[in-house]
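Asker: First the structure, then my questions, so here it is.
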Amino acid sequence: MIDITYSAEVAAAKSWGKPIVALESTIITHGMPAPRNLEVACAVEDIIRAEGAVPATIAVLDGRLHVGLEPAQLDTLGHATDVAKLSRADLAVCLANGGTGATTVAATMIAARAAGIAVFATGGIGGVHKGAETSFDISADLRELAQTPVTVVAAGAKAILDLPKTLEVLETYGVPVIAYGQDDFPAFWSPSSGLPAPLRMDTPEAIARAHLMRGALGLPGGQLVANPIPAADAIPADTLAPIIARAQAEADAQGITAKAVTPFLLQRIFEATSGQSLEANIALVANNARLAAGIAHAIGNQTAK
Ligand code: PSU
Ligand code: MN
């Protein structure tokens, strides 16, 4: 088994059987601009603590897999500029080379499973990109959800992606896509994408039961819980559509491909919106962290002897 370095807080939580919520680090290094990225990372960790659970931010530092970062480590990552973006394909190579990298949804799921953590909170997942019929750009996050048994709480997916195709691929892979408390699949900055979600659940307890039921059935793979952004923090899709279209056109014109696509689009959108998109992003990650902590509590209660 992989040798994991736990933060003091996560190590204590593991020995006491306290609920733990995994957090990714690519959102910090490639998903939000400094210095707010670090403020958000710390605020999200504090929300999980306030809910009586323990946050485990995951990253590779100097060739070691860290599950839970000490404050100084989180600070270093938040200020670093040349950190690798690690997905399923890159994680082992980075560890073998003694490198440093931030984990995407896919790599965070792999690490969470290795650490025995069932629940993971983030903002948005990767998915099927617009134009995938020619580019073949489909995030490794989707296949990870099909094979690694972690419940991922996200606010749906950004409109930089082709949402109908993303839902089709998730269905093909047998991934439960569960809208929380509503019928529609949420679209990150908006509570609704206008597309119905395949499944709906209304309580953390029900989501926890379904997570445990998949394990009991011997099914590989996790669940995607799509938690709508609170209405007060939402941004109308009409406001963002032209900005996203322009970012996509720039990416195409500049020949951006592979793992550079998502960070490029996110960066352009942040530049083109005056802070509002970032505030909404922060609000929805906080909202997801709260729900993930509730699910982690419920899984703990339902498995307690
Ligand atoms: N979508 C967002 N914010 C993000 C990401 C996606 O709204 O920060 C990050 C996540 O780490 C996700 C990764 O796992 O991008 C997906 O990258 P790719 O499309 O290259 O698989
Ligand atoms: Mn991609």
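Ordering of the structure tokens sets the chain letters (A, B, ...), residue numbers begin anew at 1 in every chain, and ligands are numbered from 1 in the order given.
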Kindly provide, as a PyMOL selection string, all nucleotide and amino acid residues lying within 10 Å of ligand 1, counting only C-alpha atoms and all ligand atoms.

Answerer: chain A and resi 23-32+85-88+102-109+122-129+137-142+154-161+187-189+257-267+281

Asker: So that I can check the surroundings of region 112-116 of chain A, please list as a VMD selection string every protein, DNA and RNA residue that reaches within 9 Å of it, counting only C-alpha atoms and ignoring chain neighbours fewer than 3 positions away.

Answerer: chain A and resid 1 to 2 4 6 14 21 to 23 56 58 67 107 to 109 119 to 120 148 to 150

Asker: Neighbours of Pro242 (chain A) within 12 Å (only C-alpha atoms; same-chain residues fewer than 4 positions away dropped), as a VMD selection string?

Answerer: chain A and resid 159 to 160 236 to 238 246 to 249 269 272 to 273

Asker: Now that the selection is made, can you save its residues with C-alpha atoms as a compact mmCIF listing (two decimals), in the first residue's frame?

Answerer:
# COMPACT_ATOMS: atom_id res chain seq x y z
CA ALA A 159 -21.17 25.68 -18.66
CA ILE A 160 -17.66 25.45 -20.14
CA PRO A 236 -27.82 34.18 -14.47
CA ALA A 237 -26.65 31.87 -17.26
CA ASP A 238 -27.27 34.70 -19.78
CA ARG A 246 -15.31 34.02 -25.85
CA ALA A 247 -13.03 31.97 -23.56
CA GLN A 248 -13.75 28.86 -25.62
CA ALA A 249 -12.99 30.70 -28.88
CA ILE A 269 -13.67 33.49 -17.03
CA ALA A 272 -13.66 38.52 -17.63
CA THR A 273 -16.03 38.67 -14.63

Asker: Within region 61-289 of chain A, find each residue whose DSSP state, derived from the backbone, is alpha helix (DSSP H), and express the selection as a PyMOL selection string.

Answerer: chain A and resi 71-79+91-96+105-114+132-135+140-147+163-172+204-216+237-253+261-272+276-289

Asker: Pick the closest to Ile244 (chain A) from A:Val153, A:Leu291, A:Glu271, A:Leu91: which is it, counting only C-alpha atoms?

Answerer: A:Glu271

Asker: Pick from A:Thr203, A:Thr239, A:Asn288, A:Gln276: nearest to Ala226 (chain A), with only C-alpha atoms counted?

Answerer: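 Distance minimum relative to Ala226 (chain A) lands on A:Asn288.
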
Asker: Do you have the CA of Val152 (chain A)-CA of Ala96 (chain A) distance handy?

Answerer: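 About the pair CA of Val152 (chain A) and CA of Ala96 (chain A): they are 27.0 Å apart.
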
Asker: Using only C-alpha atoms, pick whichever of A:Ala111, A:Ile229, A:Ala34, A:Ala89 has the shortest atom-to-atom distance to Thr5 (chain A).

Answerer: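 Closest residue, counting only C-alpha atoms: A:Ala111.
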
Asker: Neighbouring residues of Val54 (chain A) were defined as those with any atom within 8 Å, considering only C-alpha atoms; residues of the same chain fewer than 2 positions away were excluded. Please report them as a list of chain:residue names.

Answerer: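 What passes the distance filter is A:Glu9, A:Val10, A:Ala13, A:Lys18, A:Pro19, A:Ile20, A:Val21, A:Glu45, A:Ile48, A:Arg49, A:Gly52, A:Ala56.
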
Asker: When distances are computed from only C-alpha atoms and all ligand atoms, which of A:Val169, A:Ala280, A:Ala132, A:Ala292 shows the smallest separation from ligand 2?

Answerer: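 For ligand 2, the nearest of the given residues is A:Ala132.
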
Asker: Which residues, written as number ranges by chain, have at least one atom at most 10 Å from region 213-223 of chain A, with only C-alpha atoms counted and residues fewer than 2 positions away on the same chain left out?

Answerer: A: 109, 118-119, 143-153, 173-178, 207-211, 225-226

Asker: Those same residues - N, CA and C atoms - I'd like them written as a PDB file, in the first residue's frame.

Answerer:
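Contents of the output file part-v9.pdb:
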ATOM      1  N   MET A 109     -10.005  11.446  -5.592  1.00  0.00           N
ATOM      2  CA  MET A 109     -10.799  10.242  -5.297  1.00  0.00           C
ATOM      3  C   MET A 109      -9.888   9.036  -5.030  1.00  0.00           C
ATOM      4  N   ALA A 118     -14.643   8.343   2.556  1.00  0.00           N
ATOM      5  CA  ALA A 118     -15.759   8.011   1.662  1.00  0.00           C
ATOM      6  C   ALA A 118     -16.360   9.225   0.962  1.00  0.00           C
ATOM      7  N   VAL A 119     -16.124  10.428   1.485  1.00  0.00           N
ATOM      8  CA  VAL A 119     -16.842  11.606   0.989  1.00  0.00           C
ATOM      9  C   VAL A 119     -15.851  12.720   0.652  1.00  0.00           C
ATOM     10  N   ARG A 143     -14.572   8.788 -15.649  1.00  0.00           N
ATOM     11  CA  ARG A 143     -14.244   7.363 -15.468  1.00  0.00           C
ATOM     12  C   ARG A 143     -13.870   7.061 -14.028  1.00  0.00           C
ATOM     13  N   GLU A 144     -13.306   8.041 -13.345  1.00  0.00           N
ATOM     14  CA  GLU A 144     -12.965   7.808 -11.936  1.00  0.00           C
ATOM     15  C   GLU A 144     -14.225   7.586 -11.116  1.00  0.00           C
ATOM     16  N   LEU A 145     -15.248   8.388 -11.403  1.00  0.00           N
ATOM     17  CA  LEU A 145     -16.525   8.212 -10.693  1.00  0.00           C
ATOM     18  C   LEU A 145     -17.091   6.820 -10.954  1.00  0.00           C
ATOM     19  N   ALA A 146     -16.749   6.238 -12.115  1.00  0.00           N
ATOM     20  CA  ALA A 146     -17.252   4.910 -12.452  1.00  0.00           C
ATOM     21  C   ALA A 146     -16.511   3.799 -11.721  1.00  0.00           C
ATOM     22  N   GLN A 147     -15.309   4.082 -11.214  1.00  0.00           N
ATOM     23  CA  GLN A 147     -14.515   2.975 -10.667  1.00  0.00           C
ATOM     24  C   GLN A 147     -14.021   3.141  -9.246  1.00  0.00           C
ATOM     25  N   THR A 148     -14.132   4.315  -8.669  1.00  0.00           N
ATOM     26  CA  THR A 148     -13.588   4.531  -7.317  1.00  0.00           C
ATOM     27  C   THR A 148     -14.720   4.914  -6.361  1.00  0.00           C
ATOM     28  N   PRO A 149     -14.868   4.155  -5.277  1.00  0.00           N
ATOM     29  CA  PRO A 149     -16.058   4.287  -4.426  1.00  0.00           C
ATOM     30  C   PRO A 149     -16.027   5.466  -3.452  1.00  0.00           C
ATOM     31  N   VAL A 150     -16.097   6.664  -4.000  1.00  0.00           N
ATOM     32  CA  VAL A 150     -16.124   7.878  -3.186  1.00  0.00           C
ATOM     33  C   VAL A 150     -17.335   8.694  -3.630  1.00  0.00           C
ATOM     34  N   THR A 151     -18.078   9.234  -2.662  1.00  0.00           N
ATOM     35  CA  THR A 151     -19.200  10.115  -2.988  1.00  0.00           C
ATOM     36  C   THR A 151     -18.680  11.546  -3.114  1.00  0.00           C
ATOM     37  N   VAL A 152     -18.864  12.133  -4.296  1.00  0.00           N
ATOM     38  CA  VAL A 152     -18.331  13.460  -4.608  1.00  0.00           C
ATOM     39  C   VAL A 152     -19.476  14.466  -4.611  1.00  0.00           C
ATOM     40  N   VAL A 153     -19.356  15.501  -3.778  1.00  0.00           N
ATOM     41  CA  VAL A 153     -20.372  16.559  -3.731  1.00  0.00           C
ATOM     42  C   VAL A 153     -19.851  17.754  -4.534  1.00  0.00           C
ATOM     43  N   TYR A 173     -21.469   5.124 -17.978  1.00  0.00           N
ATOM     44  CA  TYR A 173     -20.538   4.564 -16.992  1.00  0.00           C
ATOM     45  C   TYR A 173     -21.237   4.042 -15.737  1.00  0.00           C
ATOM     46  N   GLY A 174     -22.538   4.207 -15.661  1.00  0.00           N
ATOM     47  CA  GLY A 174     -23.257   3.706 -14.489  1.00  0.00           C
ATOM     48  C   GLY A 174     -23.005   4.511 -13.230  1.00  0.00           C
ATOM     49  N   VAL A 175     -22.765   5.815 -13.389  1.00  0.00           N
ATOM     50  CA  VAL A 175     -22.534   6.670 -12.219  1.00  0.00           C
ATOM     51  C   VAL A 175     -23.857   7.285 -11.773  1.00  0.00           C
ATOM     52  N   PRO A 176     -24.263   7.081 -10.513  1.00  0.00           N
ATOM     53  CA  PRO A 176     -25.470   7.753 -10.038  1.00  0.00           C
ATOM     54  C   PRO A 176     -25.243   9.263  -9.952  1.00  0.00           C
ATOM     55  N   VAL A 177     -26.074  10.017 -10.657  1.00  0.00           N
ATOM     56  CA  VAL A 177     -26.017  11.479 -10.601  1.00  0.00           C
ATOM     57  C   VAL A 177     -27.248  11.913  -9.825  1.00  0.00           C
ATOM     58  N   ILE A 178     -27.024  12.377  -8.602  1.00  0.00           N
ATOM     59  CA  ILE A 178     -28.095  12.633  -7.647  1.00  0.00           C
ATOM     60  C   ILE A 178     -28.211  14.133  -7.393  1.00  0.00           C
ATOM     61  N   ILE A 207     -28.479   9.779   1.067  1.00  0.00           N
ATOM     62  CA  ILE A 207     -27.279   9.691   0.220  1.00  0.00           C
ATOM     63  C   ILE A 207     -26.274   8.718   0.838  1.00  0.00           C
ATOM     64  N   ALA A 208     -26.151   8.776   2.160  1.00  0.00           N
ATOM     65  CA  ALA A 208     -25.241   7.851   2.860  1.00  0.00           C
ATOM     66  C   ALA A 208     -25.702   6.405   2.677  1.00  0.00           C
ATOM     67  N   ARG A 209     -27.020   6.169   2.773  1.00  0.00           N
ATOM     68  CA  ARG A 209     -27.543   4.798   2.587  1.00  0.00           C
ATOM     69  C   ARG A 209     -27.224   4.287   1.188  1.00  0.00           C
ATOM     70  N   ALA A 210     -27.403   5.159   0.196  1.00  0.00           N
ATOM     71  CA  ALA A 210     -27.126   4.745  -1.188  1.00  0.00           C
ATOM     72  C   ALA A 210     -25.634   4.451  -1.377  1.00  0.00           C
ATOM     73  N   HIS A 211     -24.780   5.251  -0.754  1.00  0.00           N
ATOM     74  CA  HIS A 211     -23.330   5.012  -0.824  1.00  0.00           C
ATOM     75  C   HIS A 211     -23.012   3.623  -0.260  1.00  0.00           C
ATOM     76  N   VAL A 225     -23.009  13.721  -6.270  1.00  0.00           N
ATOM     77  CA  VAL A 225     -24.103  14.476  -5.655  1.00  0.00           C
ATOM     78  C   VAL A 225     -24.020  15.898  -6.186  1.00  0.00           C
ATOM     79  N   ALA A 226     -25.071  16.324  -6.867  1.00  0.00           N
ATOM     80  CA  ALA A 226     -25.092  17.633  -7.513  1.00  0.00           C
ATOM     81  C   ALA A 226     -25.937  18.570  -6.655  1.00  0.00           C
TER      82      ALA A 226
END

Asker: Taking the chain letters and numbering used in this document, name the residues of region 18-256 of chain A that DSSP puts in strand (DSSP E or B), as a count of residues only.

Answerer: 49

Asker: A:Gln182, A:Asp90, A:Phe136, A:Gly17: which is nearest ligand 2, counting only C-alpha atoms and all ligand atoms?

Answerer: A:Phe136

Asker: CA of Ala206 (chain A) and CA of Arg290 (chain A), how far apart in Å?

Answerer: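 Interatomic distance, CA of Arg290 (chain A) to CA of Ala206 (chain A): 15.6 Å.
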
Asker: Which residue gives the smallest distance to ligand 2 among A:Gln302, A:Ala8, A:Leu65, A:Lys130, with only C-alpha atoms and all ligand atoms counted?

Answerer: A:Lys130

Asker: Could you please determine the separation between CA of Arg268 (chain A) and CA of Thr81 (chain A) in Å, to one decimal place?

Answerer: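 Straight-line distance from CA of Arg268 (chain A) to CA of Thr81 (chain A) works out to 17.0 Å.
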